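A.B. asks: Here's a structure for you.
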Amino acid sequence: MAEELVVTPWEVKGKVDYDKLIKQFGTSPITAELEKSLVSVTGEDNIFLRRKLFYSHRDLDKAIADFKGGKGIYLYTGVGPSNPMHIGHLVPFFFTKWLQEKFGVNLYIQVTDDEKFVFKRERTLEHITKVADDDIRNIAAVGFDPDKTFIFKDTEYIDHIYKLALKVSREMNYSQVKSVFGFNNMTNVGLMFFPSLEIVPTMFEKKRCLIPDAIDQDPYWRLQRDMAEKLGYHKAAQIHSKFIPPLTGVEGKMSASKPETAIYLTDDEKTVKSKIMKYAFSGGQESVEMHRKLGGNVDVDVSFLWLRDFFEPDDEKMAQIEKDYRSGKMLTGELKQMLVDKVNALLTKHRANKEKADSAIEKIKYSGKLAQKMWETTFE
Ligand code: TYM
């Protein structure tokens with residue numbers, strides 16, 4: 001029997017039916033017209049949009065209108081530091097970088113060390129701090145505008161946001177967080193208060209905030225949108241992606257806590273190759289003869305899906321790969337090798353950027369224009 005579908009910020013289980021999630025969460029699909037309008041305002045096409053990885057939204061049309069009409073918008077995204085980052089985590093950050101470049105607007109990046117501490121009892125704050133600092137290095141390596149980006153760890157920046165978090169927390173009751181996040185009687189009170197913190201950055205400016213993320217973060221924004229106007233802020237807009245699937249098959253999501261499902265940003269070339277060769281779920285046939293005859297199934301082949309969604313931006317090449325794999329001309333081993341080369345090229349570049357990230361970290365944490373302004377502000 002198929003596993004039940006569960007999508008919360010902390011768990012993704014079962015085969016994700018993305019259309020069903022749109023209905024269940026009450027978001028809207030990104031129509032061809034809306035995609036066109038975003039591409040026209042940014043002036044450039046984007047692989048994640050073209051390949052429909054970003055597929056759902058709330059008020060993206062309003063965010064575009066606010067930008068075009070001069071009211072302005074800002075961007076907000078984040079990471080929860082529990083395990084080392086994997087390539088799925090790069091999706092929202094790459095897309096956010098593109099949006100910041102095109103819109104030229106401020107970006108706030110929240111590192112929820114508090115969330116990850118309260119979520120699992122066995123984790124120490126010391127461990128989480130180490131992971132958080134490494135996440136910040138990875139994020140700085142993506143290359144955001146140093147004067148328009150502020151990255152902060154909740155435990156470090158809390159003095160400045162606690163009052164606003166209190167206001168937010170008063171607007172949510174147990175019954176709401178229970179139904180939105182699936183909390184129960186055993187959920188600790190730290191986790192119950194935490195949603196207030198993730199909502200706070202949607203109120204950093206009196207402009208509409210646009211949040212790029214995967215759809216698992218949506219529950220926070222549903223709550224935000226119920227209270228924002230009451231508190232004198234805008235309802236936040238979102239642009240949601242699907243998940244990069246786990247290496248092991250199309251169910252669930254690539255998860256940092258399951259090493260066989262993920263390629264970590266720290267995996268070296270040999271590890272990448274052996275993980276993909278060993279674990280990447282194949283839509284190929286059992287023998288070469290059968291494969292040549294019947295061809296591969298691109299709907300379930302994880303190497304194909306990773307190339308399509310993330311790693312092969314050339315549309316013509318991608319169409320050729322699809323044709324050759326479907327027809328059986330291309331074998332699973334060849335497809336996997338293609339993916340290995342692409343992933344290793346990306347990670348090599350990422351690691352080099354990470355080595356050089358010191359001054360970018362200093363700027364986006366403390367000394368860039370936006371960072372400095374934030375340290376001078378206490379949100380009431
Ligand atoms: P976290 O650390 O679970 O995930 C960080 C970001 O990566 C997205 N994501 C994925 N995207 C594509 N494919 C995947 N397999 C995949 N797995 C995770 C997540 O949706 C997220 O955008 N509570 C948050 C941190 C946070 C945040 C935010 C995220 C704080 N404020 C605002 C987004 C927007 C968390 O633990 O994310």
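Just so we're on the same page: first chain in the structure tokens is A, next is B, and so on; residues restart at 1 for each chain, and ligands are numbered from 1 in the order they show up.
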Which residues come within 10 Å of stretch 124-127 of chain A, counting only C-alpha atoms, excluding same-chain residues fewer than 3 positions away, as JSON, numbers by chain?
C.D. replies: {"A": [81, 82, 83, 113, 114, 116, 117, 118, 120, 121, 130, 131, 132]}
A.B. asks: Using only all heavy atoms, please write the residues we just selected to a file, as a compact mmCIF listing (two decimals), in the first residue's frame.
C.D. replies:
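Wrote again_39.txt, looks like this:
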# COMPACT_ATOMS: atom_id res chain seq x y z
N PRO A 81 19.58 24.79 10.99
CA PRO A 81 20.85 24.06 11.09
C PRO A 81 20.79 22.83 11.98
O PRO A 81 20.92 22.96 13.19
CB PRO A 81 21.79 25.12 11.69
CG PRO A 81 20.89 25.98 12.51
CD PRO A 81 19.52 25.94 11.89
N SER A 82 20.60 21.65 11.39
CA SER A 82 20.63 20.45 12.21
C SER A 82 21.68 19.48 11.70
O SER A 82 22.51 18.97 12.43
CB SER A 82 19.26 19.79 12.25
OG SER A 82 18.80 19.57 10.95
N ASN A 83 21.66 19.25 10.40
CA ASN A 83 22.65 18.39 9.76
C ASN A 83 23.29 19.22 8.65
O ASN A 83 22.76 20.25 8.28
CB ASN A 83 21.95 17.16 9.16
CG ASN A 83 21.34 16.30 10.23
OD1 ASN A 83 22.03 15.74 11.06
ND2 ASN A 83 20.03 16.21 10.23
N ASP A 113 18.55 28.30 14.62
CA ASP A 113 19.23 27.39 15.55
C ASP A 113 18.31 27.03 16.72
O ASP A 113 18.34 25.90 17.24
CB ASP A 113 20.56 28.00 16.05
CG ASP A 113 20.44 29.42 16.58
OD1 ASP A 113 19.33 30.00 16.50
OD2 ASP A 113 21.45 29.94 17.07
N ASP A 114 17.45 27.96 17.12
CA ASP A 114 16.49 27.68 18.20
C ASP A 114 15.53 26.55 17.82
O ASP A 114 15.30 25.62 18.57
CB ASP A 114 15.69 28.96 18.55
CG ASP A 114 15.12 29.67 17.33
OD1 ASP A 114 15.46 29.29 16.19
OD2 ASP A 114 14.32 30.62 17.50
N LYS A 116 15.93 24.12 15.68
CA LYS A 116 16.55 22.80 15.61
C LYS A 116 16.92 22.28 16.99
O LYS A 116 16.99 21.08 17.21
CB LYS A 116 17.77 22.85 14.67
CG LYS A 116 17.36 23.10 13.23
CD LYS A 116 16.39 22.02 12.74
CE LYS A 116 15.82 22.32 11.38
NZ LYS A 116 14.95 21.29 10.85
N PHE A 117 17.17 23.19 17.93
CA PHE A 117 17.46 22.77 19.30
C PHE A 117 16.20 22.20 19.96
O PHE A 117 16.22 21.12 20.54
CB PHE A 117 18.01 23.93 20.14
CG PHE A 117 18.31 23.53 21.55
CD1 PHE A 117 19.41 22.72 21.82
CD2 PHE A 117 17.50 23.92 22.60
CE1 PHE A 117 19.69 22.33 23.13
CE2 PHE A 117 17.77 23.53 23.90
CZ PHE A 117 18.87 22.74 24.16
N VAL A 118 15.10 22.90 19.83
CA VAL A 118 13.89 22.42 20.53
C VAL A 118 13.26 21.22 19.82
O VAL A 118 12.56 20.43 20.44
CB VAL A 118 12.82 23.53 20.75
CG1 VAL A 118 13.31 24.56 21.73
CG2 VAL A 118 12.37 24.17 19.45
N LYS A 120 14.70 18.47 18.53
CA LYS A 120 15.19 17.14 18.93
C LYS A 120 15.99 17.20 20.21
O LYS A 120 16.98 17.90 20.31
CB LYS A 120 16.05 16.54 17.80
CG LYS A 120 15.21 15.96 16.69
CD LYS A 120 15.74 14.60 16.21
CE LYS A 120 14.77 13.99 15.22
NZ LYS A 120 15.32 13.84 13.90
N ARG A 121 15.54 16.41 21.18
CA ARG A 121 16.11 16.42 22.52
C ARG A 121 17.60 16.06 22.53
O ARG A 121 18.36 16.58 23.33
CB ARG A 121 15.32 15.40 23.34
CG ARG A 121 15.82 15.07 24.69
CD ARG A 121 14.71 14.43 25.50
NE ARG A 121 13.73 15.41 25.93
CZ ARG A 121 13.89 16.20 26.98
NH1 ARG A 121 14.99 16.15 27.67
NH2 ARG A 121 12.97 17.06 27.32
N LYS A 130 27.79 24.91 15.62
CA LYS A 130 28.79 24.53 14.60
C LYS A 130 28.14 24.39 13.23
O LYS A 130 28.64 24.89 12.23
CB LYS A 130 29.43 23.18 14.97
CG LYS A 130 30.68 23.31 15.77
CD LYS A 130 31.49 22.02 15.65
CE LYS A 130 32.53 22.01 16.75
NZ LYS A 130 32.53 20.80 17.52
N VAL A 131 27.01 23.67 13.20
CA VAL A 131 26.32 23.48 11.93
C VAL A 131 25.86 24.83 11.38
O VAL A 131 25.99 25.11 10.18
CB VAL A 131 25.12 22.51 12.07
CG1 VAL A 131 24.40 22.33 10.75
CG2 VAL A 131 25.56 21.16 12.60
N ALA A 132 25.33 25.67 12.27
CA ALA A 132 24.82 26.99 11.84
C ALA A 132 25.94 27.81 11.20
O ALA A 132 25.75 28.44 10.16
CB ALA A 132 24.21 27.73 13.02
A.B. asks: Please return, as a list in words, all residues of stretch 94-216 of chain A that DSSP assigns to strand (DSSP E) on the basis of the backbone.
C.D. replies: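 So, restricting stretch 94-216 of chain A to strand (DSSP E), we get Leu107, Tyr108, Ile109, Gln110, Val111, Thr149, Phe150, Ile151, Phe152, Lys153, Arg208, Cys209, Leu210, Ile211, Pro212, Asp213 and Ala214 of chain A.
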A.B. asks: Show which residues sit within 12 Å of A:Lys373, as a ChimeraX atom specification. Count only C-alpha atoms, and ignore same-chain residues fewer than 5 positions away.
C.D. replies: /A:106,147-150,160,204,363-368,378-379
A.B. asks: Need the shell around stretch 234-247 of chain A: protein/DNA/RNA residues with any atom at most 8 Å away, counting only C-alpha atoms. Skip same-chain ones fewer than 4 positions apart. Format as a PyMOL selection string?
C.D. replies: chain A and resi 18+53-60+62-63+88+92+202-203+206-215+221+224-226+228-229+251-255+260-262+276+279-281+302-303+306+309
A.B. asks: Export, as a short mmCIF file (atom, residue, chain, number, x, y, z; two decimals), in the first residue's frame, the selected residues with N, CA and C atoms.
C.D. replies:
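Output contents, as saved in again_0.cif:
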data_model
loop_
_atom_site.label_atom_id
_atom_site.label_comp_id
_atom_site.auth_asym_id
_atom_site.auth_seq_id
_atom_site.Cartn_x
_atom_site.Cartn_y
_atom_site.Cartn_z
N TYR A 18 1.92 16.98 -5.81
CA TYR A 18 2.07 18.44 -5.69
C TYR A 18 0.78 19.20 -5.97
N LEU A 53 10.02 23.70 -11.39
CA LEU A 53 10.41 23.30 -10.04
C LEU A 53 9.73 24.25 -9.05
N PHE A 54 9.79 25.56 -9.34
CA PHE A 54 8.96 26.49 -8.58
C PHE A 54 7.58 26.49 -9.25
N TYR A 55 6.59 26.09 -8.49
CA TYR A 55 5.32 25.78 -9.17
C TYR A 55 4.09 26.35 -8.47
N SER A 56 4.26 26.83 -7.25
CA SER A 56 3.09 27.27 -6.48
C SER A 56 3.41 28.63 -5.85
N HIS A 57 2.37 29.40 -5.53
CA HIS A 57 2.63 30.73 -4.96
C HIS A 57 1.43 31.22 -4.17
N ARG A 58 1.69 32.28 -3.45
CA ARG A 58 0.61 33.10 -2.89
C ARG A 58 0.98 34.55 -3.17
N ASP A 59 0.09 35.28 -3.78
CA ASP A 59 0.27 36.73 -4.00
C ASP A 59 1.55 37.11 -4.74
N LEU A 60 2.09 36.19 -5.55
CA LEU A 60 3.26 36.57 -6.35
C LEU A 60 2.88 37.71 -7.29
N LYS A 62 0.78 40.06 -6.69
CA LYS A 62 0.76 41.32 -5.92
C LYS A 62 2.19 41.81 -5.66
N ALA A 63 3.10 40.87 -5.40
CA ALA A 63 4.50 41.27 -5.18
C ALA A 63 5.07 41.91 -6.45
N GLY A 88 19.70 19.90 -2.19
CA GLY A 88 18.31 20.37 -2.23
C GLY A 88 18.18 21.74 -1.58
N PRO A 92 16.36 26.90 -2.97
CA PRO A 92 15.80 28.23 -2.63
C PRO A 92 16.87 29.33 -2.61
N THR A 202 8.94 38.39 8.36
CA THR A 202 7.97 38.86 7.35
C THR A 202 7.49 40.27 7.70
N MET A 203 7.95 40.76 8.87
CA MET A 203 7.53 42.10 9.35
C MET A 203 8.73 43.01 9.56
N LYS A 206 7.98 47.60 6.17
CA LYS A 206 6.55 47.85 5.90
C LYS A 206 6.30 47.77 4.41
N LYS A 207 6.80 46.70 3.82
CA LYS A 207 6.59 46.42 2.40
C LYS A 207 6.20 44.95 2.31
N ARG A 208 5.72 44.54 1.14
CA ARG A 208 5.39 43.12 1.00
C ARG A 208 6.68 42.31 0.95
N CYS A 209 6.64 41.21 1.68
CA CYS A 209 7.81 40.34 1.72
C CYS A 209 7.52 39.16 0.79
N LEU A 210 8.50 38.80 -0.01
CA LEU A 210 8.35 37.64 -0.91
C LEU A 210 9.30 36.54 -0.42
N ILE A 211 8.72 35.36 -0.18
CA ILE A 211 9.51 34.26 0.40
C ILE A 211 9.70 33.13 -0.61
N PRO A 212 10.93 32.89 -1.06
CA PRO A 212 11.19 31.69 -1.86
C PRO A 212 11.54 30.54 -0.91
N ASP A 213 10.90 29.41 -1.07
CA ASP A 213 11.16 28.23 -0.22
C ASP A 213 10.56 27.01 -0.89
N ALA A 214 10.79 25.83 -0.29
CA ALA A 214 10.05 24.65 -0.76
C ALA A 214 8.71 24.65 -0.03
N ILE A 215 7.76 23.92 -0.55
CA ILE A 215 6.38 24.04 -0.06
C ILE A 215 6.19 23.56 1.38
N TRP A 221 3.33 30.45 6.79
CA TRP A 221 2.83 31.62 6.04
C TRP A 221 1.31 31.70 6.11
N GLN A 224 0.86 33.48 9.24
CA GLN A 224 1.28 34.88 9.06
C GLN A 224 0.19 35.68 8.37
N ARG A 225 -0.42 35.09 7.35
CA ARG A 225 -1.38 35.82 6.54
C ARG A 225 -2.69 36.08 7.31
N ASP A 226 -2.94 35.25 8.34
CA ASP A 226 -4.13 35.49 9.16
C ASP A 226 -3.95 36.71 10.07
N ALA A 228 -1.20 39.26 9.78
CA ALA A 228 -0.31 40.36 9.38
C ALA A 228 -1.00 41.72 9.36
N GLU A 229 -2.15 41.78 8.74
CA GLU A 229 -2.79 43.09 8.57
C GLU A 229 -3.26 43.65 9.92
N GLU A 251 9.74 9.06 -3.55
CA GLU A 251 8.91 9.36 -2.38
C GLU A 251 9.67 10.22 -1.37
N GLY A 252 8.96 11.11 -0.68
CA GLY A 252 9.57 11.95 0.35
C GLY A 252 10.46 13.02 -0.25
N LYS A 253 11.43 13.52 0.55
CA LYS A 253 12.34 14.53 0.02
C LYS A 253 13.77 14.17 0.39
N MET A 254 14.71 14.76 -0.33
CA MET A 254 16.10 14.58 0.07
C MET A 254 16.21 15.13 1.48
N SER A 255 16.73 14.34 2.39
CA SER A 255 16.74 14.78 3.77
C SER A 255 18.14 14.64 4.36
N GLU A 260 21.84 8.38 2.80
CA GLU A 260 21.74 7.70 1.51
C GLU A 260 20.81 8.44 0.54
N THR A 261 20.02 9.38 1.07
CA THR A 261 19.07 10.09 0.20
C THR A 261 19.68 11.37 -0.37
N ALA A 262 20.81 11.80 0.22
CA ALA A 262 21.28 13.17 -0.06
C ALA A 262 22.72 13.23 -0.54
N ILE A 276 25.80 8.14 -6.13
CA ILE A 276 24.88 8.14 -7.29
C ILE A 276 24.85 6.76 -7.95
N TYR A 279 23.04 4.42 -5.11
CA TYR A 279 21.68 4.66 -4.58
C TYR A 279 20.69 5.27 -5.57
N ALA A 280 21.18 5.99 -6.60
CA ALA A 280 20.22 6.74 -7.43
C ALA A 280 19.22 5.78 -8.05
N PHE A 281 17.97 5.94 -7.69
CA PHE A 281 16.93 5.04 -8.16
C PHE A 281 16.83 5.13 -9.68
N VAL A 302 15.68 8.91 -10.82
CA VAL A 302 16.12 10.07 -10.04
C VAL A 302 17.23 10.85 -10.74
N SER A 303 18.15 10.16 -11.42
CA SER A 303 19.23 10.89 -12.13
C SER A 303 18.61 11.78 -13.20
N TRP A 306 16.89 14.78 -11.44
CA TRP A 306 17.84 15.79 -10.95
C TRP A 306 18.41 16.61 -12.11
N ASP A 309 15.49 18.94 -13.31
CA ASP A 309 15.04 20.00 -12.40
C ASP A 309 16.15 20.98 -12.03
#
A.B. asks: Name the residues in contact with stretch 3-7 of chain A at a cut-off of 8 Å, using only C-alpha atoms, excluding same-chain residues fewer than 6 positions from it; report them as number ranges by chain.
C.D. replies: A: 13-17, 216
A.B. asks: Using DSSP on the backbone coordinates, identify all residues within stretch 108-300 of chain A classified as helix (DSSP H, G or I); present the result as a ChimeraX atom specification.
C.D. replies: /A:113-119,125-142,154-169,174-181,189-203,215-227,259-261,269-279,288-294
A.B. asks: Looking at A:Gln24, A:Ser37, A:Thr77, A:Ser257, which one is nearest to ligand 1, with distances taken over only C-alpha atoms and all ligand atoms?
C.D. replies: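 Between A:Gln24, A:Ser37, A:Thr77, A:Ser257, the residue approaching ligand 1 most closely is A:Thr77.
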A.B. asks: Measuring atom to atom with only C-alpha atoms and all ligand atoms, identify which of A:Pro313, A:Gly80, A:Gly43, A:Gly69 is nearest to ligand 1.
C.D. replies: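 Among A:Pro313, A:Gly80, A:Gly43, A:Gly69, it is A:Gly80 that comes nearest to ligand 1.
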A.B. asks: Suppose you want the space between atom CA of A:Thr266 and atom CA of A:Glu355; what is it in Å?
C.D. replies: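 Here the two named atoms are 12.2 Å from each other.
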A.B. asks: Identify, on the basis of only C-alpha atoms, every residue whose closest approach to A:Gly296 does not exceed 10 Å; exclude the query and any residue fewer than 2 positions from it along the same chain; express the result as an MDAnalysis selection string.
C.D. replies: chainID A and resid 282:285 290:294 298:301 304 322:332
A.B. asks: What's around A:Leu38 at 12 Å? Count only C-alpha atoms, leave out sequence neighbours fewer than 2 positions away in its own chain, and write the answer as a compact mmCIF listing (two decimals) with N, CA, C and O atoms, in the first residue's frame.
C.D. replies:
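Produced file around_9.txt, reproduced below:
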# COMPACT_ATOMS: atom_id res chain seq x y z
N ILE A 30 1.52 28.35 -10.33
CA ILE A 30 2.10 29.42 -11.14
C ILE A 30 1.66 29.18 -12.58
O ILE A 30 2.11 28.22 -13.22
N THR A 31 0.77 30.02 -13.07
CA THR A 31 0.26 29.83 -14.42
C THR A 31 1.31 30.32 -15.43
O THR A 31 2.25 31.04 -15.06
N ALA A 32 1.08 29.96 -16.70
CA ALA A 32 2.00 30.40 -17.76
C ALA A 32 2.04 31.93 -17.81
O ALA A 32 3.10 32.55 -17.99
N GLU A 33 0.88 32.53 -17.57
CA GLU A 33 0.79 33.99 -17.63
C GLU A 33 1.59 34.65 -16.49
O GLU A 33 2.32 35.62 -16.70
N LEU A 34 1.48 34.06 -15.30
CA LEU A 34 2.21 34.62 -14.16
C LEU A 34 3.73 34.43 -14.34
O LEU A 34 4.52 35.33 -14.04
N GLU A 35 4.09 33.27 -14.86
CA GLU A 35 5.52 33.02 -15.13
C GLU A 35 6.05 34.07 -16.12
O GLU A 35 7.12 34.64 -15.93
N LYS A 36 5.24 34.34 -17.13
CA LYS A 36 5.63 35.33 -18.13
C LYS A 36 5.79 36.71 -17.50
O LYS A 36 6.73 37.45 -17.79
N SER A 40 9.12 38.80 -17.38
CA SER A 40 9.18 40.10 -18.04
C SER A 40 9.69 41.18 -17.07
O SER A 40 10.47 42.04 -17.45
N VAL A 41 9.34 41.07 -15.80
CA VAL A 41 9.83 42.09 -14.87
C VAL A 41 11.30 41.86 -14.48
O VAL A 41 12.06 42.81 -14.27
N THR A 42 11.71 40.60 -14.44
CA THR A 42 13.12 40.33 -14.11
C THR A 42 14.01 40.48 -15.35
O THR A 42 15.22 40.65 -15.23
N GLY A 43 13.39 40.36 -16.51
CA GLY A 43 14.15 40.52 -17.76
C GLY A 43 14.95 39.28 -18.13
O GLY A 43 15.78 39.33 -19.04
N GLU A 44 14.72 38.18 -17.42
CA GLU A 44 15.49 36.97 -17.75
C GLU A 44 14.72 35.72 -17.36
O GLU A 44 14.03 35.70 -16.35
N ASP A 45 14.91 34.71 -18.16
CA ASP A 45 14.33 33.41 -17.92
C ASP A 45 15.11 32.72 -16.78
O ASP A 45 16.23 33.07 -16.53
N ASN A 46 14.48 31.73 -16.15
CA ASN A 46 15.18 31.02 -15.08
C ASN A 46 14.88 29.53 -15.18
O ASN A 46 13.71 29.14 -15.36
N LEU A 49 12.11 28.02 -13.03
CA LEU A 49 10.74 28.38 -13.44
C LEU A 49 10.36 27.60 -14.69
O LEU A 49 9.27 27.03 -14.79
N ARG A 50 11.30 27.59 -15.63
CA ARG A 50 11.05 26.93 -16.92
C ARG A 50 10.74 25.45 -16.73
O ARG A 50 9.90 24.88 -17.41
N LEU A 60 2.09 36.19 -5.55
CA LEU A 60 3.26 36.57 -6.35
C LEU A 60 2.88 37.71 -7.29
O LEU A 60 3.67 38.63 -7.54
N ASP A 61 1.65 37.65 -7.81
CA ASP A 61 1.17 38.73 -8.70
C ASP A 61 1.18 40.07 -7.97
O ASP A 61 1.58 41.10 -8.53
N LYS A 62 0.78 40.06 -6.69
CA LYS A 62 0.76 41.32 -5.92
C LYS A 62 2.19 41.81 -5.66
O LYS A 62 2.46 43.01 -5.70
N ALA A 63 3.10 40.87 -5.40
CA ALA A 63 4.50 41.27 -5.18
C ALA A 63 5.07 41.91 -6.45
O ALA A 63 5.75 42.93 -6.39
N ILE A 64 4.75 41.33 -7.59
CA ILE A 64 5.23 41.89 -8.87
C ILE A 64 4.64 43.29 -9.07
O ILE A 64 5.34 44.24 -9.44
N ALA A 65 3.35 43.41 -8.76
CA ALA A 65 2.68 44.71 -8.94
C ALA A 65 3.29 45.75 -7.98
O ALA A 65 3.52 46.90 -8.37
N PHE A 67 6.29 45.80 -6.83
CA PHE A 67 7.62 46.15 -7.33
C PHE A 67 7.51 47.12 -8.51
O PHE A 67 8.15 48.16 -8.54
N LYS A 68 6.63 46.74 -9.44
CA LYS A 68 6.49 47.57 -10.66
C LYS A 68 5.92 48.95 -10.32
O LYS A 68 6.30 49.96 -10.89
N TRP A 98 18.99 34.86 -7.58
CA TRP A 98 18.53 35.35 -8.88
C TRP A 98 17.51 36.48 -8.70
O TRP A 98 17.60 37.53 -9.33
N LEU A 99 16.56 36.26 -7.78
CA LEU A 99 15.55 37.30 -7.55
C LEU A 99 16.18 38.58 -7.00
O LEU A 99 15.83 39.68 -7.41
N LYS A 102 17.87 40.46 -9.76
CA LYS A 102 16.94 41.06 -10.72
C LYS A 102 16.15 42.21 -10.10
O LYS A 102 15.90 43.21 -10.75
N PHE A 103 15.72 42.04 -8.86
CA PHE A 103 14.91 43.08 -8.23
C PHE A 103 15.78 44.14 -7.52
O PHE A 103 15.31 45.25 -7.26
N ILE A 239 6.78 32.06 -3.10
CA ILE A 239 6.95 31.28 -4.32
C ILE A 239 7.59 29.95 -3.90
O ILE A 239 8.68 29.92 -3.33
A.B. asks: Calculate how many Å separate atom CA of A:Ile199 from atom 29 (C, counted along the ligand's line) of ligand 1, rounding to one decimal.
C.D. replies: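 That distance, rounded to one decimal, is 10.3 Å.
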A.B. asks: Please, what distance in Å, to one decimal, runs between atom 22 (O, counted along the ligand's line) of ligand 1 and atom CA of A:Gly26?
C.D. replies: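 These two atoms are separated by 18.3 Å.
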A.B. asks: Between A:Ser175, A:Thr27, A:Gln110, A:Asn184, single out the one closest to A:Ile151, counting only C-alpha atoms.
C.D. replies: A:Gln110
A.B. asks: Name the closest residue to ligand 1 among the candidates A:Met85, A:Val177, A:Val39, A:Ile47; distances are taken between atoms, counting only C-alpha atoms and all ligand atoms.
C.D. replies: A:Met85
A.B. asks: Which one of A:Thr129, A:Asn138, A:Ser28, A:Ser169 sits closest to A:Ala352 if you count only C-alpha atoms?
C.D. replies: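 Of A:Thr129, A:Asn138, A:Ser28, A:Ser169, the one nearest A:Ala352 is A:Asn138, counting only C-alpha atoms.
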